[in-house]
Amino acid sequence: MQAPRAQWGSRIGFILAAAGSAVGLGNLWKFPYITGLNGGGVFILAYVCCVVLVGLPVMSAEILIGRATQKSPVAAFRELTHPGSFWVSFGWLGVFAAGSLLSYYSVIAGWAMHYAYISLNGELVGSGVEGVQSLFGQVVASPGLNLFWHIAFMALTVGVVLGGVAKGIDRWSRILMPALLIMLTGLVVRAAFLPGFGEGLEFAFGIRPEEFRPESLLAALGQAFFSLSIGMGTMLTYGSYLHRDDDIMDSSIQICALDTIVALAASAVIFPIIFSFAGLEPGQGPGLLFASIPTGLIQMPFSGVLLATFFFLLVFAALTSAISLLEVPVSFLIDQFGWSRGKSAALAGAVITLYGIPSALSYVEGSALPEFLDKLDWVVSNLMFPVGGIGMSLFAGWRMDEALRHDHFLSGSKYRFAYNAWLTLLRFIVPVGIVCVFLNAIGVM
Ligand code: PHE
């Protein structure tokens, strides 16, 4: 007989784990610069609309499918349809997409770990303004450093997932997420005292409609998907450990709100730093986090503490996201083959670590696969996320059994009145929105 489904230790544990999945490099890095480049406040308004009208319905649908089946993506779609059904491919896509994203996410998180380490041992402060600016180029070009930190980060992720749902993911999320929020709050407060605070906020939040283009709306939608961790089965898997009478819509609203608040707070830290120190550019790319920000921080009093806070913030945010990504293949292996969690986590961790090697070596001179990381990110963000999102919304909206869907939406919910609106969004608005993003990404629109 199969062991009973693992369950969250507490409701707050679930919320923090799911919010931990959502809050990641996407919030701290992608969100600020996309906002800056797409009209500031106008973009934020568009983003919030995307979160409410598309992100929230899909997130709750994913959690609902997971909770209704108590299974990981492949087994969940199989149970709700039949083995070999076309819908099961969305489960497979989720497992593959989560593994792909984690393979290079871990490389970037590894850079953050390296920077956290050299913040602590004083090396970063010791390298001076010019040293910091050129350091990032050297770090990404070093095969040894990249591989070491990629493996270290994967080992950390496997270590948490090995502990299981209640004793691993739940427990660590309840430690890492509050710590993250405290560090972020500290940095916002510090940023508020910088001379460039006003200018930074103006750049991030000021209303500049002339910079908001049709593509900006699509960028907002794509960012909402990435940032909310939807479309690839992470929320479905986390939902499968949820208690029968937890309010799915209420939880989803809290997760979306927390994710959005962190993204806004990150912008309120990043741009004031950029604008306070002459010569820094609000440019995009990894250089924003790993070159411009440390160059600013190093010129401030107590730079060692600030640098360590900033990079630990990145590591914690990335770690809680990575945990949710690894949990997708792990719970798949447990469900599919009846393996133990230990064996599943070790195998999935090892395969994904190997898969990450070309990304880890992307920027090394003479790399056999130059820019592999960027190319894989393009495929994951622009192809896998939208296709997964379409699958989740169409399945929950059109294919899933009405009685089951209705029952799980209503169970324990104070949002019973929203059922019809939710279903309408899932059936029409969400798929049309995602198709537009998709066509835009592949250059058709
Ligand atoms: N939401 C995470 C971020 O913003 C990325 C992520 C996507 C994590 C999908 C898990 C699943 O960085």
# chains A, B, ... in the order shown; residues from 1 in each chain; ligands from 1
>>> residues_near_ligand(ligand="ligand 1", cutoff="8 Å", atoms="only C-alpha atoms and all ligand atoms", output="VMD selection string")
chain A and resid 21 to 28 98 101 225 to 235 317 to 318 321 to 322 324 to 325
>>> residues_around(residues="region 142-146 of chain A", least_positions_apart="4", cutoff="6 Å", atoms="only C-alpha atoms", output="PyMOL selection string")
chain A and resi 150+360-361
>>> residues_around(residues="region 257-267 of chain A", least_positions_apart="4", cutoff="10 Å", atoms="only C-alpha atoms", output="ChimeraX atom specification")
/A:15-16,18-33,35-36,44,47-48,51-52,56,180-181,184-185,187-188,200-201,203-205,224,227-228,251-253,271-273
>>> residues_around(residues="Ala350 (chain A)", least_positions_apart="5", cutoff="10 Å", atoms="only C-alpha atoms", output="ChimeraX atom specification")
/A:151,154-155,158,344-345,355-356
>>> write_last_selection(atoms="N, CA and C atoms", output="CSV table (one decimal), in the first residue's frame")
chain,number,residue,atom,x,y,z
A,151,ILE,N,27.3,23.4,-7.6
A,151,ILE,CA,27.2,22.1,-6.9
A,151,ILE,C,26.8,22.4,-5.4
A,154,MET,N,23.1,23.3,-5.3
A,154,MET,CA,22.2,22.2,-5.5
A,154,MET,C,22.2,21.3,-4.2
A,155,ALA,N,23.4,21.1,-3.6
A,155,ALA,CA,23.5,20.3,-2.4
A,155,ALA,C,22.6,20.8,-1.3
A,158,VAL,N,19.0,20.1,-2.2
A,158,VAL,CA,18.7,18.7,-2.0
A,158,VAL,C,18.5,18.4,-0.5
A,344,SER,N,14.8,9.6,-4.4
A,344,SER,CA,14.3,10.5,-5.4
A,344,SER,C,15.0,11.8,-5.4
A,345,ALA,N,15.2,12.3,-4.2
A,345,ALA,CA,15.9,13.6,-4.1
A,345,ALA,C,17.3,13.5,-4.6
A,355,TYR,N,22.9,18.6,-15.6
A,355,TYR,CA,22.2,19.4,-16.6
A,355,TYR,C,22.6,20.8,-16.5
A,356,GLY,N,23.0,21.3,-15.3
A,356,GLY,CA,23.4,22.7,-15.1
A,356,GLY,C,24.8,23.0,-15.6
>>> atom_distance(atom1="CA of Ser381 (chain A)", atom2="CA of Leu333 (chain A)")
24.3 Å
>>> residues_around(residues="Arg427 (chain A)", least_positions_apart="4", cutoff="8 Å", atoms="only C-alpha atoms", output="list in words")
Ser393, Leu394, Gly397, Trp398, Leu423 and Pro431 of chain A
>>> residues_around(residues="region 303-316 of chain A", least_positions_apart="3", cutoff="10 Å", atoms="only C-alpha atoms", output="JSON, numbers by chain")
{"A": [20, 23, 24, 25, 27, 28, 29, 106, 108, 109, 110, 111, 112, 113, 114, 115, 116, 117, 118, 119, 120, 121, 122, 123, 124, 125, 126, 153, 173, 175, 176, 177, 179, 180, 181, 182, 183, 184, 186, 187, 190, 269, 289, 290, 293, 294, 295, 296, 297, 298, 299, 300, 319, 320, 321, 322]}
>>> decode(residues="region 310-326 of chain A", atoms="all heavy atoms", output="CSV table (one decimal), in the first residue's frame")
chain,number,residue,atom,x,y,z
A,310,PHE,N,22.7,42.0,1.5
A,310,PHE,CA,22.1,42.0,0.1
A,310,PHE,C,22.3,40.6,-0.5
A,310,PHE,O,21.3,40.0,-1.1
A,310,PHE,CB,22.8,43.1,-0.7
A,310,PHE,CG,22.2,43.1,-2.1
A,310,PHE,CD1,20.9,43.6,-2.4
A,310,PHE,CD2,22.9,42.6,-3.2
A,310,PHE,CE1,20.4,43.6,-3.6
A,310,PHE,CE2,22.4,42.6,-4.5
A,310,PHE,CZ,21.1,43.1,-4.7
A,311,PHE,N,23.5,40.0,-0.4
A,311,PHE,CA,23.7,38.7,-1.0
A,311,PHE,C,23.0,37.6,-0.3
A,311,PHE,O,22.6,36.6,-0.9
A,311,PHE,CB,25.2,38.5,-1.3
A,311,PHE,CG,25.6,39.4,-2.5
A,311,PHE,CD1,26.5,40.5,-2.2
A,311,PHE,CD2,25.1,39.2,-3.7
A,311,PHE,CE1,26.8,41.4,-3.2
A,311,PHE,CE2,25.5,40.1,-4.8
A,311,PHE,CZ,26.3,41.1,-4.5
A,312,PHE,N,22.9,37.7,1.0
A,312,PHE,CA,22.2,36.6,1.7
A,312,PHE,C,20.7,36.7,1.3
A,312,PHE,O,20.0,35.7,1.2
A,312,PHE,CB,22.4,36.7,3.2
A,312,PHE,CG,23.6,35.9,3.6
A,312,PHE,CD1,24.8,36.5,3.9
A,312,PHE,CD2,23.5,34.5,3.7
A,312,PHE,CE1,25.9,35.7,4.2
A,312,PHE,CE2,24.6,33.7,4.0
A,312,PHE,CZ,25.8,34.3,4.3
A,313,LEU,N,20.2,37.9,1.1
A,313,LEU,CA,18.8,38.1,0.7
A,313,LEU,C,18.6,37.3,-0.7
A,313,LEU,O,17.7,36.6,-0.8
A,313,LEU,CB,18.6,39.6,0.5
A,313,LEU,CG,17.3,40.0,-0.1
A,313,LEU,CD1,16.2,39.8,0.9
A,313,LEU,CD2,17.3,41.5,-0.5
A,314,LEU,N,19.6,37.5,-1.6
A,314,LEU,CA,19.5,36.8,-2.9
A,314,LEU,C,19.5,35.3,-2.7
A,314,LEU,O,18.7,34.6,-3.3
A,314,LEU,CB,20.6,37.2,-3.8
A,314,LEU,CG,20.7,38.6,-4.5
A,314,LEU,CD1,21.8,38.6,-5.4
A,314,LEU,CD2,19.4,38.8,-5.2
A,315,VAL,N,20.4,34.9,-1.8
A,315,VAL,CA,20.6,33.4,-1.7
A,315,VAL,C,19.3,32.8,-1.1
A,315,VAL,O,18.8,31.8,-1.5
A,315,VAL,CB,21.8,33.1,-0.8
A,315,VAL,CG1,21.8,31.6,-0.4
A,315,VAL,CG2,23.1,33.5,-1.4
A,316,PHE,N,18.8,33.5,0.0
A,316,PHE,CA,17.6,32.9,0.6
A,316,PHE,C,16.4,32.9,-0.4
A,316,PHE,O,15.6,32.0,-0.4
A,316,PHE,CB,17.2,33.8,1.8
A,316,PHE,CG,18.1,33.5,3.0
A,316,PHE,CD1,19.3,32.8,2.9
A,316,PHE,CD2,17.7,34.0,4.3
A,316,PHE,CE1,20.1,32.6,4.0
A,316,PHE,CE2,18.5,33.8,5.4
A,316,PHE,CZ,19.7,33.1,5.3
A,317,ALA,N,16.3,34.0,-1.1
A,317,ALA,CA,15.2,34.1,-2.1
A,317,ALA,C,15.3,33.0,-3.1
A,317,ALA,O,14.3,32.3,-3.5
A,317,ALA,CB,15.1,35.4,-2.8
A,318,ALA,N,16.5,32.8,-3.6
A,318,ALA,CA,16.8,31.7,-4.6
A,318,ALA,C,16.6,30.3,-4.1
A,318,ALA,O,16.0,29.4,-4.7
A,318,ALA,CB,18.2,31.9,-5.2
A,319,LEU,N,17.0,30.2,-2.8
A,319,LEU,CA,16.9,28.8,-2.2
A,319,LEU,C,15.4,28.4,-2.1
A,319,LEU,O,15.1,27.2,-2.4
A,319,LEU,CB,17.6,28.8,-0.9
A,319,LEU,CG,17.7,27.5,-0.2
A,319,LEU,CD1,18.4,26.4,-1.0
A,319,LEU,CD2,18.4,27.6,1.2
A,320,THR,N,14.6,29.2,-1.6
A,320,THR,CA,13.2,28.8,-1.4
A,320,THR,C,12.5,28.5,-2.8
A,320,THR,O,11.6,27.7,-2.9
A,320,THR,CB,12.4,29.8,-0.6
A,320,THR,OG1,12.6,31.1,-1.1
A,320,THR,CG2,12.7,29.8,0.9
A,321,SER,N,13.0,29.2,-3.8
A,321,SER,CA,12.4,29.0,-5.1
A,321,SER,C,13.0,27.6,-5.7
A,321,SER,O,12.2,26.8,-6.2
A,321,SER,CB,12.8,30.1,-6.1
A,321,SER,OG,12.2,31.3,-5.7
A,322,ALA,N,14.3,27.4,-5.4
A,322,ALA,CA,14.9,26.2,-5.9
A,322,ALA,C,14.3,24.9,-5.3
A,322,ALA,O,14.1,23.9,-5.9
A,322,ALA,CB,16.4,26.2,-5.7
A,323,ILE,N,14.0,25.1,-4.0
A,323,ILE,CA,13.3,24.0,-3.3
A,323,ILE,C,12.0,23.5,-4.0
A,323,ILE,O,11.8,22.4,-4.2
A,323,ILE,CB,13.0,24.4,-1.8
A,323,ILE,CG1,14.4,24.6,-1.0
A,323,ILE,CG2,12.2,23.3,-1.1
A,323,ILE,CD1,14.2,25.3,0.3
A,324,SER,N,11.2,24.5,-4.3
A,324,SER,CA,10.0,24.2,-5.0
A,324,SER,C,10.2,23.6,-6.3
A,324,SER,O,9.4,22.8,-6.8
A,324,SER,CB,9.1,25.4,-5.1
A,324,SER,OG,9.6,26.3,-6.0
A,325,LEU,N,11.2,24.0,-7.0
A,325,LEU,CA,11.5,23.5,-8.3
A,325,LEU,C,11.9,22.0,-8.2
A,325,LEU,O,11.5,21.1,-9.0
A,325,LEU,CB,12.6,24.3,-9.1
A,325,LEU,CG,12.1,25.7,-9.5
A,325,LEU,CD1,13.3,26.5,-10.0
A,325,LEU,CD2,11.2,25.5,-10.7
A,326,LEU,N,12.8,21.7,-7.3
A,326,LEU,CA,13.3,20.4,-7.1
A,326,LEU,C,12.2,19.4,-6.6
A,326,LEU,O,12.1,18.3,-7.0
A,326,LEU,CB,14.5,20.3,-6.1
A,326,LEU,CG,15.1,18.9,-5.9
A,326,LEU,CD1,15.7,18.4,-7.2
A,326,LEU,CD2,16.2,19.0,-4.8
